[in-house]
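Participant: One structure is given below, represented as structure tokens, and several questions about it will come after.
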Number of protein chains: 2
Amino acid sequence: MTDKIFRVNMTDLTTSVETVPEAWAGHGGRGLTSTIVAAEVEPTCHPLGPNNKLVFAPGLLSGTVAANSGRLSMGAKSPLTGTIKEANAGGTAAQLFARCGCKALIVEGLPKEDKWYSISLSSAGATLNEESELIGKGNFEIIKTLTDRVDPKFGIITIGQAGEMKLSGANISVKDPDGNIRSGGRGGLGAVMGSKKVKFITVDPGDGKVEIADPEKFKAANRTFAKSLVDHPVTQSLAQYGTNVLVNVINESGGLPTRNFTQGQFEGHDKISGETMFDLIEERGGKPKHNCHAGCVIQCSQIYNDLKGNKLTSGFEYESIWAMGADCCVENLDHIAEADAIMDDIGIDSIETSVAMAVAMEAGVLAFGDGAEACRILREEVTNGTGLGRIIGNGAESVGKAYGMTRVPVVKGQGIPAYDPRAIKGIGITYATSTQGADHTMGYTIATNILGVGGSVDPLTKEGQVELSRNLQIATAAIDSTGMCLFIAFAALDNEECLPAVIDMLNARFGIELTADDVTNLGKHILETEHTFNLKAGFTNLDDRLPEFFYNEPLPPHNVVFDFTGKEIDTFWDFQ
Amino acid sequence: MTDKIFRVNMTDLTTSVETVPEAWAGHGGRGLTSTIVAAEVEPTCHPLGPNNKLVFAPGLLSGTVAANSGRLSMGAKSPLTGTIKEANAGGTAAQLFARCGCKALIVEGLPKEDKWYSISLSSAGATLNEESELIGKGNFEIIKTLTDRVDPKFGIITIGQAGEMKLSGANISVKDPDGNIRSGGRGGLGAVMGSKKVKFITVDPGDGKVEIADPEKFKAANRTFAKSLVDHPVTQSLAQYGTNVLVNVINESGGLPTRNFTQGQFEGHDKISGETMFDLIEERGGKPKHNCHAGCVIQCSQIYNDLKGNKLTSGFEYESIWAMGADCCVENLDHIAEADAIMDDIGIDSIETSVAMAVAMEAGVLAFGDGAEACRILREEVTNGTGLGRIIGNGAESVGKAYGMTRVPVVKGQGIPAYDPRAIKGIGITYATSTQGADHTMGYTIATNILGVGGSVDPLTKEGQVELSRNLQIATAAIDSTGMCLFIAFAALDNEECLPAVIDMLNARFGIELTADDVTNLGKHILETEHTFNLKAGFTNLDDRLPEFFYNEPLPPHNVVFDFTGKEIDTFWDFQ
């Protein structure tokens with residue numbers, strides 16, 4: 001089966017299956033979504049207008065048995081940042097895309113009539129169907145209904161009410177093997193899907209298989225690769241406590257943004273930490289380990305139950321817990337979990353929306369620490385699109401604008417996540433220079449600044465941070481193209497066998513001869529493609545800056561500011 | 001009396017009187033506010049943060065007996081557009097500033113405590129006072145209270161609730177001789193004043209006089225100048241019908257943006273026209289002619305009464321009537337007048353806010369044509385800062401963002417005013433290239449495109465539009481520096497004696513020898529100063545574009561699009 005490009009035109013409601021242009025053949029995941037967006041989307045277009053396109057692409061290794069290769073990339077011009085954007089998520093869809101022979105699905109145009117649609121994907125291509133029953137519904141009801149309507153094994157990609165309302169914080173959500181939700185968050189790609197009036201996409205598992213040019217070599221490399229993952233101590237921590245193991249670690253470093261980025265430590269950190277969460281999960285009969293897609297050997301996800309032992313949320317991540325917790329000063333983990341579940345259901349970014357909530361708290365809309373009121377606002381205001389709900393649902397910059405606030409932690413319009421750039425300076429370089437606005441996953445310097453992975457760079461001094469961020473951003477762009485979970489980076493940085501094993505798998509899959517340099521060049525090329533798109537969209541180096549207050553307000557306890565000059569930041573792009 | 005710079009530092013609550021730096025000496029009005037902002041404000045600063053400065057400056061001829069010289073300029077970095085910004089208004093303050101010897105008032109910093117202040121200006125300088133009684137009040141109550149508290153002859157500059165809430169549509173309002181309001185609208189400078197916690201400024205009339213180097217020459221030139229104004233047919237129309245004479249004229253041209261810029265003609269144009277308004281004013285015992293400052297020989301303002309003969313609003317302008325009328329499809333002039341009065345009272349831009357209302361109508365927040373609901377939203381939602389109120393009070397772009405709309409008529413974040421750039425192409429060049437976002441007053445090509453003033457350039461073809469807009473933008477920057485009302489431009493374009501008379505007055509006032517070329521160079525220099533600020537703030541030529549839909553959606557009845565390429569637009573700056 002040769003991979004194809006599936007295209008859906010929402011303007012004339014047609015679909016097509018196309019051969020893959022040569023220039024796109026070596027790409028997958030983020031590399032492919034960014035390449036297609038750069039090739040086909042006018043950079044100055046309105047993100048919600050007819051000229052934006054929404055692209056889905058599984059990674060180069062998705063659909064194989066390679067460990068942790070189940071990430072689906074989604075790309076478009078972002079309505080939140082105005083930049084090019086890629087978000088990726090686990091769940092089952094990426095594997096099924098690959099098995100359908102769909103290298104990428106491109107959704108373009110806007111319907112002429114005020115009707116909603118769904119897309120069905122199978123190895124035969126994409127088909128369009130009108131949809132009415134599920135319009136206005138949340139993700140959980142959609143998944144439940146579709147599981148009955150189609151088949152529990154189908155992949156499901158969906159938007160909740162947030163995407164329908166075209167809120168800039170809207171996610172695209174992907175069903176996991178057990179009907180939970182993984183989110184393509186950041187950048188409001190759910191709003192792009194909503195603008196195109198596509199409520200959900202189903203993916204038929206069919207009986208297709210991904211062809212492997214050298215199956216033996218592939219299997220051997222995967223064994224080495226999987227072993228490198230399970231052997232790494234950080235991966236092991238993730239397996240036990242989930243990503244939320246970081247609350248105590250980052251609090252200890254003094255870089256846990258608290259009370260809308262006024263402090264670097266949170267008094268209530270113990271109450272929301274991974275360790276406390278683990279105990280609660282065990283106590284209430286939840287699952288501390290859970291995988292978001294078949295083949296994951298890390299299992300950082302979990303099922304978090306409420307006091308009565310009923311599932312409250314899953315995939316309960318550090319950044320979400322930090323945002324509604326420390327940043328909003330909410331100490332009650334059940335409130336944070338409830339908020340997380342609501343945000344999953346309406347399909348809105350739990351980082352962006354919670355950072356927005358903290359700005360609203362500083363504006364006096366609700367009190368710091370009032371988790372119950374935050375949940376009410378999410379459930380009643382955001383879900384129903386009231387004025388306040390839209391202000392918050394459009395993200396932190398929107399709240400700052402609505403209330404005339406100056407302390408608004410965003411870069412290129414996107415909320416800064418769970419690591420203060422004053423106390424952990426490498427991540428500040430990533431926030432400033434990332435092609436997609438503030439995003440820790442673009443170049444996770446925390447690994448080296450805090451966790452001692454891949455060496456050690458003092459988080460409090462400027463030395464080495466630009467290089468660190470650059471190397472990680474290049475590596476990440478490449479990893480994001482494979483369909484691999486970013487958490488393979490810890491092993492890749494520390495274990496000499498890990499990255500060669502990934503390259504062996506790529507070569508065995510396609511019958512090619514990539515070298516480590518080729519992979520680095522792929523990462524550079526993706527960054528360049530994305531950066532060029534942004535420049536054509538009107539961004540300049542002056543957009544590669546943090547908000548003013550990070551330069552002026554010292555962050556306790558280290559009492560440090562972000563002290564990179566613009567010129568120093570701009571050296572990031574010197575590799576081009 | 002030598003003119004001085006008055007400075008108020010809100011951070012340490014100090015004031016000072018400073019000699020005028022040599023580089024600022026030849027400037028007044030907009031030229032001076034832009035020069036000071038460019039010199040003292042970091043272009044990338046947050047407009048509502050401590051590093052922005054709010055500058056007030058009377059024109060070079062303000063305070064003299066020169067006809068129509070009573071405009072006060074206000075400048076800052078705009079919270080609406082992010083560009084440098086100057087707004088100017090009539091009223092009595094400019095003349096009094098000049099008579100106090102205040103060449104400019106610079107308000108800088110932000111108070112450390114959560115307290116409000118007022119500033120008293122007199123020939124001795126500025127003093128700061130804490131204020132509590134008038135906080136939360138609208139402009140009319142402020143003016144009434146202060147007229148009792150200080151003196152009816154004092155100048156008053158104030159912000160309403162919109163400015164206190166730092167809404168991006170907030171005006172700075174200036175009292176006219178009769179206690180009505182003239183607005184420094186566009187660009188949200190009221191939010192900057194609100195961020196600095198200055199509720200109002202009073203200006204002591206004192207007994208100071210502006211020195212004239214050559215009084216006889218001045219008097220003679222003023223006679224010639226005033227005659228040129230009253231003789232011009234456009235000026236005469238303005239005197240009879242106010243600016244609203246334009247509703248029928250622009251409707252006839254097919255360039256009257258209707259129903260959120262979907263049509264170029266409004267069925268209900270007769271019901272909201274200047275002719276109808278004149279009849280209603282006469283019928284109800286209002287005043288069809290009224291001057292906003294002493295010395296105005298045009299008197300385009302008026303007092304518009306309600307059905308019972310009580311004053312409903314004054315200074316009821318074409319652009320405001322178009323915006324709440326044709327653009328929102330409201331045919332009831334009393335609803336439009338009521339909305340105008342509410343907007344004056346809360347101190348919010350009647351263009352920006354009404355354009356925002358039309359976008360909200362397209363989003364389904366309220367129905368097109370529902371003037372009563374528009375008034376309710378202004379009175380209940382905007383005044384009280386509800387979620388919806390803030391969305392609308394922050395302008396058209398804010399509404400577009402909140403509701404995920406693509407048809408949002410803004411340039412650099414500022415609402416496009418009353419002339420459709422598809423059917424009147426010259427004004428489209430002004431909107432695109434203006435240093436301050438979409439603003440008809442920056443280079444009013446309507447004069448030549450439609451009114452046949454200063455020659456004639458076909459509004460429907462591209463030929464000559466860039467040159468027309470450029471020449472007018474240069475001339476306007478110079479006129480905005482004199483303190484003269486922009487309506488002198490009609491005479492200046494058609495009557496050979498008008499402009500030389502203004503130059504004679506400038507020379508007679510200061511004992512200098514300016515030529516016509518010097519005045520043109522002044523205008524160019526101001527544009528360059530402003531443009532350079534914007535480039536340093538991160539703007540590029542890609543920001544000098546109209547929204548996508550003007551290029552794609554033909555406007556009836558001429559079925560024309562805006563068809564300038566980016567390259568053609570960019571030739572605007574070739575004079576630099």
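Naming works like this for the structure tokens: A, B, ... for the chains as they're shown, residue 1 at the start of each chain, ligands 1 onward in shown order.
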Env of Lys311 in chain A: 12 Å cut, atoms = only C-alpha atoms, seq-sep filter 3 positions within chain, self excluded. Answer as a PDB file with C-alpha atoms, in the first residue's frame.
Facilitator:
ATOM      1  CA  ASN A 180     -10.448   8.872  27.259  1.00  0.00           C
ATOM      2  CA  ILE A 281      -5.215   7.482  42.932  1.00  0.00           C
ATOM      3  CA  ARG A 284      -9.563   5.759  45.432  1.00  0.00           C
ATOM      4  CA  GLY A 285      -9.023   2.788  43.166  1.00  0.00           C
ATOM      5  CA  GLY A 286      -7.853   4.706  40.124  1.00  0.00           C
ATOM      6  CA  LYS A 287      -5.033   3.664  37.822  1.00  0.00           C
ATOM      7  CA  GLN A 302      -3.408   7.679  34.681  1.00  0.00           C
ATOM      8  CA  ILE A 303      -7.039   7.470  35.753  1.00  0.00           C
ATOM      9  CA  TYR A 304      -7.799   9.862  38.598  1.00  0.00           C
ATOM     10  CA  ASN A 305     -10.971   9.028  40.531  1.00  0.00           C
ATOM     11  CA  ASP A 306     -13.119  11.244  42.706  1.00  0.00           C
ATOM     12  CA  LEU A 307     -13.833  10.619  46.393  1.00  0.00           C
ATOM     13  CA  LYS A 308     -16.541   8.130  45.498  1.00  0.00           C
ATOM     14  CA  SER A 314      -7.336  11.000  32.909  1.00  0.00           C
ATOM     15  CA  GLY A 315      -4.155  12.199  31.254  1.00  0.00           C
ATOM     16  CA  PHE A 316      -3.835  14.567  34.177  1.00  0.00           C
ATOM     17  CA  ASP A 334     -10.118  17.550  43.095  1.00  0.00           C
ATOM     18  CA  ALA A 337      -9.168  17.497  38.271  1.00  0.00           C
ATOM     19  CA  GLU A 338     -12.756  18.636  37.807  1.00  0.00           C
ATOM     20  CA  ALA A 341     -12.332  17.069  32.989  1.00  0.00           C
TER      21      ALA A 341
END
Participant: Quick one: DSSP helix (DSSP H, G or I) residues in range 334-556 of chain B, as JSON, numbers by chain?
Facilitator: {"B": [334, 335, 336, 337, 338, 339, 340, 341, 342, 343, 344, 345, 346, 350, 351, 352, 353, 354, 355, 356, 357, 358, 359, 360, 361, 362, 371, 372, 373, 374, 375, 376, 377, 378, 379, 380, 381, 382, 383, 384, 387, 388, 389, 390, 391, 392, 393, 396, 397, 398, 399, 400, 401, 402, 425, 426, 427, 428, 429, 430, 431, 432, 433, 440, 441, 442, 446, 447, 448, 449, 465, 466, 467, 468, 469, 470, 471, 472, 473, 474, 475, 476, 477, 478, 479, 480, 481, 482, 488, 489, 490, 491, 492, 493, 494, 498, 499, 500, 501, 502, 503, 504, 505, 506, 507, 508, 509, 510, 516, 517, 518, 519, 520, 521, 522, 523, 524, 525, 526, 527, 528, 529, 530, 531, 532, 533, 534, 535, 536, 541, 542, 543, 549, 550, 551, 552]}
Participant: Kindly indicate which residue among A:Ser469, A:Gln576, A:His335, A:Ile351 lies nearest to Arg376 in chain A, using only C-alpha atoms for the distances.
Facilitator: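 Checking each of A:Ser469, A:Gln576, A:His335, A:Ile351 against Arg376 in chain A, counting only C-alpha atoms, the winner is A:His335.
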Participant: So which residues touch Gly387 in chain B within 9 Å, counting only C-alpha atoms, skipping near sequence neighbours fewer than 6 positions away, as a PyMOL selection string?
Facilitator: (chain A and resi 386-391+402) or (chain B and resi 381)
Participant: How would the residues just chosen look if you wrote them out with N, CA and C atoms as a PDB file, in the first residue's frame?
Facilitator:
ATOM      1  N   THR A 386     -20.776  32.681  26.961  1.00  0.00           N
ATOM      2  CA  THR A 386     -21.154  34.026  27.439  1.00  0.00           C
ATOM      3  C   THR A 386     -19.996  34.976  27.158  1.00  0.00           C
ATOM      4  N   GLY A 387     -20.216  36.253  27.400  1.00  0.00           N
ATOM      5  CA  GLY A 387     -19.146  37.225  27.193  1.00  0.00           C
ATOM      6  C   GLY A 387     -17.898  36.840  27.975  1.00  0.00           C
ATOM      7  N   LEU A 388     -18.049  36.621  29.265  1.00  0.00           N
ATOM      8  CA  LEU A 388     -16.901  36.238  30.098  1.00  0.00           C
ATOM      9  C   LEU A 388     -16.305  34.926  29.611  1.00  0.00           C
ATOM     10  N   GLY A 389     -17.182  33.993  29.248  1.00  0.00           N
ATOM     11  CA  GLY A 389     -16.709  32.696  28.784  1.00  0.00           C
ATOM     12  C   GLY A 389     -15.844  32.811  27.545  1.00  0.00           C
ATOM     13  N   ARG A 390     -16.248  33.676  26.632  1.00  0.00           N
ATOM     14  CA  ARG A 390     -15.452  33.859  25.413  1.00  0.00           C
ATOM     15  C   ARG A 390     -14.138  34.570  25.711  1.00  0.00           C
ATOM     16  N   ILE A 391     -14.187  35.524  26.640  1.00  0.00           N
ATOM     17  CA  ILE A 391     -12.947  36.224  27.014  1.00  0.00           C
ATOM     18  C   ILE A 391     -11.929  35.214  27.542  1.00  0.00           C
ATOM     19  N   ALA A 402      -9.093  42.304  27.612  1.00  0.00           N
ATOM     20  CA  ALA A 402     -10.436  42.655  28.088  1.00  0.00           C
ATOM     21  C   ALA A 402     -10.373  43.493  29.355  1.00  0.00           C
TER      22      ALA A 402
ATOM     23  N   GLU B 381     -24.175  47.018  29.715  1.00  0.00           N
ATOM     24  CA  GLU B 381     -23.044  46.087  29.618  1.00  0.00           C
ATOM     25  C   GLU B 381     -21.704  46.838  29.556  1.00  0.00           C
TER      26      GLU B 381
END
Participant: Write out as a list of chain:residue names which residues come within 9 Å of Thr532 in chain B when counting only C-alpha atoms, dropping same-chain ones fewer than 5 positions away.
Facilitator: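 Contacts, with the query itself left out: B:Ala38, B:Leu527, B:Ala537.
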Participant: Include N, CA and C atoms and write out the residues we just selected as a PDB file, in the first residue's frame.
Facilitator:
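Saved the output as part.pdb:
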ATOM      1  N   ALA B  38       7.958  59.711  20.467  1.00  0.00           N
ATOM      2  CA  ALA B  38       9.067  59.019  19.791  1.00  0.00           C
ATOM      3  C   ALA B  38      10.360  59.163  20.579  1.00  0.00           C
ATOM      4  N   LEU B 527       5.332  62.417   9.660  1.00  0.00           N
ATOM      5  CA  LEU B 527       5.005  61.057   9.201  1.00  0.00           C
ATOM      6  C   LEU B 527       6.190  60.116   9.382  1.00  0.00           C
ATOM      7  N   ALA B 537       8.419  49.373  16.858  1.00  0.00           N
ATOM      8  CA  ALA B 537       7.454  48.648  17.690  1.00  0.00           C
ATOM      9  C   ALA B 537       7.152  47.266  17.102  1.00  0.00           C
TER      10      ALA B 537
END
Participant: Counting only C-alpha atoms, collect the residues of chain B whose closest atom lies at most 8 Å from chain A, and write them out as a list in words.
Facilitator: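 The complete set of qualifying residues is Cys45, His46, Leu48, Gly49, Met165, Lys166, Leu167, Thr386, Gly387, Leu388, Gly389, Arg390, Ile391, Asn394, Lys401, Ala402, Tyr403, Gly404, Met405, Thr406, Ala537, Gly538, Phe539, Thr540, Leu542, Asp543 and Glu548 of chain B.
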Participant: Env of range 421-432 of chain A: 7 Å cut, atoms = only C-alpha atoms, seq-sep filter 4 positions within chain, self excluded. Answer as number ranges by chain.
Facilitator: A: 254-255, 411, 437-440, 442-446, 449, 459-460, 462, 465-466, 468-469, 544-546, 550, 555, 560-562, 569
Participant: Using only C-alpha atoms, which of the listed residues (B:Asp204, B:Glu113, B:Glu282, B:Glu319) sits closest to Ile156 in chain B?
Facilitator: B:Asp204
Participant: I'd like the neighbourhood of Thr243 in chain A as a ChimeraX atom specification, where a residue qualifies if any of its atoms comes within 9 Å (using only C-alpha atoms), though same-chain residues fewer than 4 positions away should be ignored.
Facilitator: /A:237-239,247,274,300-301,316-319
Participant: Could those residues be written to a file, using C-alpha atoms, as a short mmCIF file (atom, residue, chain, number, x, y, z; two decimals), in the first residue's frame?
Facilitator:
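The file below, result-v1.cif, is the result:
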data_model
loop_
_atom_site.label_atom_id
_atom_site.label_comp_id
_atom_site.auth_asym_id
_atom_site.auth_seq_id
_atom_site.Cartn_x
_atom_site.Cartn_y
_atom_site.Cartn_z
CA SER A 237 9.59 8.60 37.36
CA LEU A 238 7.08 9.49 34.67
CA ALA A 239 5.81 5.93 34.78
CA VAL A 247 5.45 19.94 40.81
CA GLY A 274 2.64 13.95 41.82
CA CYS A 300 2.67 8.32 32.07
CA SER A 301 -1.10 8.70 31.87
CA PHE A 316 -3.83 14.57 34.18
CA GLU A 317 -0.63 16.39 33.27
CA TYR A 318 1.82 18.48 35.22
CA GLU A 319 1.31 21.59 33.09
#
Participant: Considering only C-alpha atoms, can you say which of A:Asp340, A:Phe6, A:Gly400, A:Ile201 comes closest to Gly364 in chain A?
Facilitator: A:Gly400
Participant: Excluding Thr158 in chain B and its own-chain neighbours fewer than 2 positions away, which residues fall within 6 Å of it when counting only C-alpha atoms? Please give them as a count of residues only.
Facilitator: 4
Participant: CA of Gln436 in chain B to CA of Ala39 in chain B: how many Å, to one decimal?
Facilitator: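 Between CA of Gln436 in chain B and CA of Ala39 in chain B the gap is 17.4 Å.
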Participant: Please extract the residues of range 191-295 of chain A with a backbone DSSP assignment of strand (DSSP E or B) and present them as an NGL selection string.
Facilitator: :A and (198-203 or 258 or 263 or 287-290)
Participant: For Thr11 in chain B, which residue out of B:Ala360, B:Ala87, B:Leu128, B:Ile474 is the nearest one, using only C-alpha atoms?
Facilitator: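 Closest candidate: B:Leu128.
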Participant: Can you measure CA of Pro257 in chain A to CA of Asn52 in chain B for me? One decimal in Å is fine.
Facilitator: 26.5 Å
Participant: Provide the CA of Val382 in chain B to CA of Lys53 in chain B distance in Å, to one decimal place.
Facilitator: 25.9 Å
Participant: For Val234 in chain A, which residue out of A:Thr515, A:Ser273, A:Thr448, A:Ser34 is the nearest one, using only C-alpha atoms?
Facilitator: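 Among the listed residues, A:Thr448 lies closest to Val234 in chain A.
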